[in-house]
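File shown here: work.cif, holding mmCIF, C-alpha atoms, pLDDT in the B column; chains and numbers go by the auth columns.
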data_work
loop_
_atom_site.group_PDB
_atom_site.id
_atom_site.type_symbol
_atom_site.label_atom_id
_atom_site.label_comp_id
_atom_site.label_asym_id
_atom_site.label_seq_id
_atom_site.Cartn_x
_atom_site.Cartn_y
_atom_site.Cartn_z
_atom_site.B_iso_or_equiv
_atom_site.auth_seq_id
_atom_site.auth_asym_id
ATOM 1 C CA MET A 1 216.002 59.160 102.787 49.00 1 A
ATOM 2 C CA THR A 2 214.521 60.101 99.393 50.00 2 A
ATOM 3 C CA ASP A 3 211.486 61.650 101.107 52.00 3 A
ATOM 4 C CA ARG A 4 213.763 63.906 103.097 54.00 4 A
ATOM 5 C CA ILE A 5 215.678 64.973 99.995 51.00 5 A
ATOM 6 C CA SER A 6 212.548 65.722 97.981 52.00 6 A
ATOM 7 C CA MET A 7 211.106 67.767 100.832 56.00 7 A
ATOM 8 C CA GLN A 8 214.241 69.889 101.058 61.00 8 A
ATOM 9 C CA THR A 9 214.828 70.338 97.323 61.00 9 A
ATOM 10 C CA PRO A 10 212.678 73.069 95.755 65.00 10 A
ATOM 11 C CA SER A 11 210.543 71.801 92.939 72.00 11 A
ATOM 12 C CA VAL A 12 210.619 73.123 89.412 67.00 12 A
ATOM 13 C CA VAL A 13 207.257 74.745 90.069 67.00 13 A
ATOM 14 C CA GLU A 14 208.753 76.834 92.853 74.00 14 A
ATOM 15 C CA TYR A 15 211.312 78.168 90.399 70.00 15 A
ATOM 16 C CA VAL A 16 209.001 78.650 87.434 69.00 16 A
ATOM 17 C CA ALA A 17 205.839 79.955 89.134 73.00 17 A
ATOM 18 C CA PRO A 18 207.181 83.418 90.069 75.00 18 A
ATOM 19 C CA GLN A 19 208.621 83.911 86.578 76.00 19 A
ATOM 20 C CA ALA A 20 205.402 82.790 84.926 72.00 20 A
ATOM 21 C CA ARG A 21 203.363 85.038 87.195 76.00 21 A
ATOM 22 C CA GLU A 22 205.583 88.046 86.355 73.00 22 A
ATOM 23 C CA GLN A 23 205.409 87.282 82.648 76.00 23 A
ATOM 24 C CA GLY A 24 201.621 87.089 82.835 78.00 24 A
ATOM 25 C CA ARG A 25 201.492 90.384 84.700 74.00 25 A
ATOM 26 C CA GLN A 26 203.689 92.070 82.094 79.00 26 A
ATOM 27 C CA GLN A 27 201.535 90.709 79.262 79.00 27 A
ATOM 28 C CA GLY A 28 198.404 91.968 81.004 82.00 28 A
ATOM 29 C CA LEU A 29 199.912 95.428 81.427 80.00 29 A
ATOM 30 C CA GLU A 30 200.939 95.553 77.782 86.00 30 A
ATOM 31 C CA GLN A 31 197.510 94.424 76.597 88.00 31 A
ATOM 32 C CA GLY A 32 195.892 97.069 78.782 91.00 32 A
ATOM 33 C CA ALA A 33 198.168 99.749 77.334 93.00 33 A
ATOM 34 C CA GLN A 34 197.354 98.583 73.802 95.00 34 A
ATOM 35 C CA GLU A 35 193.607 98.713 74.447 95.00 35 A
ATOM 36 C CA SER A 36 193.845 102.146 76.068 96.00 36 A
ATOM 37 C CA THR A 37 195.888 103.547 73.196 96.00 37 A
ATOM 38 C CA ARG A 38 193.459 102.161 70.612 96.00 38 A
ATOM 39 C CA LYS A 39 190.587 103.781 72.503 95.00 39 A
ATOM 40 C CA LEU A 40 192.431 107.106 72.690 96.00 40 A
ATOM 41 C CA ILE A 41 193.102 107.022 68.948 96.00 41 A
ATOM 42 C CA LEU A 42 189.423 106.482 68.171 94.00 42 A
ATOM 43 C CA GLU A 43 188.254 109.135 70.643 93.00 43 A
ATOM 44 C CA THR A 44 190.804 111.647 69.346 94.00 44 A
ATOM 45 C CA LEU A 45 189.749 111.122 65.743 93.00 45 A
ATOM 46 C CA SER A 46 186.101 111.399 66.686 92.00 46 A
ATOM 47 C CA PHE A 47 186.638 114.608 68.647 91.00 47 A
ATOM 48 C CA ARG A 48 189.164 116.381 66.424 89.00 48 A
ATOM 49 C CA LEU A 49 187.735 115.508 63.028 87.00 49 A
ATOM 50 C CA GLU A 50 184.102 115.256 64.125 82.00 50 A
ATOM 51 C CA ILE A 51 183.761 111.835 62.584 77.00 51 A
ATOM 52 C CA ASP A 52 180.846 109.721 63.672 74.00 52 A
ATOM 53 C CA ASP A 53 182.045 106.450 62.230 76.00 53 A
ATOM 54 C CA VAL A 54 185.576 106.048 63.620 82.00 54 A
ATOM 55 C CA GLN A 55 184.679 102.490 64.600 83.00 55 A
ATOM 56 C CA THR A 56 185.575 101.513 61.037 86.00 56 A
ATOM 57 C CA PHE A 57 189.208 101.839 62.160 91.00 57 A
ATOM 58 C CA LYS A 58 188.714 99.669 65.229 91.00 58 A
ATOM 59 C CA SER A 59 189.207 96.325 63.482 91.00 59 A
ATOM 60 C CA VAL A 60 192.416 97.514 61.812 93.00 60 A
ATOM 61 C CA LEU A 61 193.775 98.962 65.057 95.00 61 A
ATOM 62 C CA GLU A 62 193.047 95.682 66.843 94.00 62 A
ATOM 63 C CA THR A 63 195.433 93.888 64.495 94.00 63 A
ATOM 64 C CA ILE A 64 198.328 96.079 65.672 94.00 64 A
ATOM 65 C CA ASP A 65 200.051 94.660 68.738 93.00 65 A
ATOM 66 C CA ASP A 66 203.150 96.847 68.665 95.00 66 A
ATOM 67 C CA LEU A 67 202.655 99.540 71.314 95.00 67 A
ATOM 68 C CA ASN A 68 205.220 101.811 69.640 96.00 68 A
ATOM 69 C CA ILE A 69 203.211 101.815 66.417 96.00 69 A
ATOM 70 C CA LEU A 70 199.989 102.474 68.337 97.00 70 A
ATOM 71 C CA ASP A 71 201.697 105.386 70.117 97.00 71 A
ATOM 72 C CA GLN A 72 202.805 106.794 66.758 96.00 72 A
ATOM 73 C CA LEU A 73 199.252 106.491 65.439 97.00 73 A
ATOM 74 C CA PHE A 74 197.938 108.310 68.503 97.00 74 A
ATOM 75 C CA THR A 75 200.377 111.147 67.856 97.00 75 A
ATOM 76 C CA THR A 76 199.280 111.131 64.224 96.00 76 A
ATOM 77 C CA ALA A 77 195.626 111.301 65.274 95.00 77 A
ATOM 78 C CA LEU A 78 196.469 114.425 67.268 96.00 78 A
ATOM 79 C CA LYS A 79 198.135 116.091 64.279 96.00 79 A
ATOM 80 C CA VAL A 80 196.203 115.134 61.138 95.00 80 A
ATOM 81 C CA GLU A 81 193.896 117.609 59.463 93.00 81 A
ATOM 82 C CA SER A 82 191.747 115.043 57.667 92.00 82 A
ATOM 83 C CA ILE A 83 190.622 111.466 57.919 91.00 83 A
ATOM 84 C CA GLU A 84 192.451 110.763 54.657 92.00 84 A
ATOM 85 C CA GLU A 85 195.755 111.716 56.303 94.00 85 A
ATOM 86 C CA PHE A 86 195.063 109.302 59.130 94.00 86 A
ATOM 87 C CA LYS A 87 194.078 106.538 56.702 92.00 87 A
ATOM 88 C CA GLN A 88 197.369 107.006 54.896 95.00 88 A
ATOM 89 C CA ALA A 89 199.345 106.800 58.165 94.00 89 A
ATOM 90 C CA LEU A 90 197.352 103.739 59.203 93.00 90 A
ATOM 91 C CA ASN A 91 197.992 102.022 55.876 92.00 91 A
ATOM 92 C CA THR A 92 201.708 102.760 56.197 91.00 92 A
ATOM 93 C CA SER A 93 201.755 101.435 59.761 86.00 93 A
ATOM 94 C CA THR A 94 199.919 98.227 58.927 81.00 94 A
ATOM 95 C CA ALA A 95 202.245 97.611 55.991 78.00 95 A
ATOM 96 C CA ILE A 96 205.126 97.634 58.492 65.00 96 A
ATOM 97 C CA THR A 97 203.590 95.179 60.987 55.00 97 A
#

Take the structure in this file and express it as structure tokens.
Amino acid sequence: MTDRISMQTPSVVEYVAPQAREQGRQQGLEQGAQESTRKLILETLSFRLEIDDVQTFKSVLETIDDLNILDQLFTTALKVESIEEFKQALNTSTAIT
């Protein structure tokens, strides 16, 4: 009798597995978006301001996990006229996180 009940009753794993899989997928998508945005920021700074050593910002950008802040920094990278302006925006952003 108990064998029949356990075979008919879905296990906890059957309930949790799809949710865990979806959560993992969402986290992977967010991490990919973060990495892409960081790369775009560095490439934009390098191209627009003709800076060879933008990699100095890489370690700071990697500490920022908030995609909204990274998006704001990308927009800033598109608009700034100097590396000092970007440094100031970056310092402000990292003070927030």

Q | Residues near Arg48 of chain A, cut-off 12 Å, all atoms listed in the file, skip fewer than 4 positions along chain, as a list of chain:residue names | A | A:Leu40, A:Ile41, A:Leu42, A:Glu43, A:Thr44, A:Asp52, A:Val54, A:Thr76, A:Ala77, A:Leu78, A:Lys79, A:Val80, A:Glu81, A:Ser82, A:Ile83, A:Phe86

Resulting file, chosen residues, C-alpha atoms, as a PDB file, keeping the file's coordinate frame:
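selection_27.pdb, written as the output of this step:
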ATOM      1  CA  LEU A  40     192.431 107.106  72.690  1.00 96.00           C
ATOM      2  CA  ILE A  41     193.102 107.022  68.948  1.00 96.00           C
ATOM      3  CA  LEU A  42     189.423 106.482  68.171  1.00 94.00           C
ATOM      4  CA  GLU A  43     188.254 109.135  70.643  1.00 93.00           C
ATOM      5  CA  THR A  44     190.804 111.647  69.346  1.00 94.00           C
ATOM      6  CA  ASP A  52     180.846 109.721  63.672  1.00 74.00           C
ATOM      7  CA  VAL A  54     185.576 106.048  63.620  1.00 82.00           C
ATOM      8  CA  THR A  76     199.280 111.131  64.224  1.00 96.00           C
ATOM      9  CA  ALA A  77     195.626 111.301  65.274  1.00 95.00           C
ATOM     10  CA  LEU A  78     196.469 114.425  67.268  1.00 96.00           C
ATOM     11  CA  LYS A  79     198.135 116.091  64.279  1.00 96.00           C
ATOM     12  CA  VAL A  80     196.203 115.134  61.138  1.00 95.00           C
ATOM     13  CA  GLU A  81     193.896 117.609  59.463  1.00 93.00           C
ATOM     14  CA  SER A  82     191.747 115.043  57.667  1.00 92.00           C
ATOM     15  CA  ILE A  83     190.622 111.466  57.919  1.00 91.00           C
ATOM     16  CA  PHE A  86     195.063 109.302  59.130  1.00 94.00           C
TER      17      PHE A  86
END

Q: On this file, the PyMOL selection byres ((chain A and resi 90) around 12) gives some set of residues; write that set as a PyMOL selection string.
A: chain A and resi 41+57-64+69-77+80+83-89+91-97

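Atom CA of Asp66 of chain A lies 26.7 Å from atom CA of Ala17 of chain A.
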
Grab all the atoms of segment 53-67 of chain A that the file lists, wrap them in a box along x, y and z, add 6 Å per side, and give me centre plus edge lengths in Å (one decimal) as lines of an AutoDock Vina configuration file.
center_x = 192.6
center_y = 100.2
center_z = 66.2
size_x = 33.1
size_y = 24.6
size_z = 22.3

Q. Separation of atom CA of Lys39 of chain A and atom CA of Leu67 of chain A, in Å?
A. 12.8 Å

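Atom CA of Thr37 of chain A is positioned 24.4 Å from atom CA of Arg21 of chain A.
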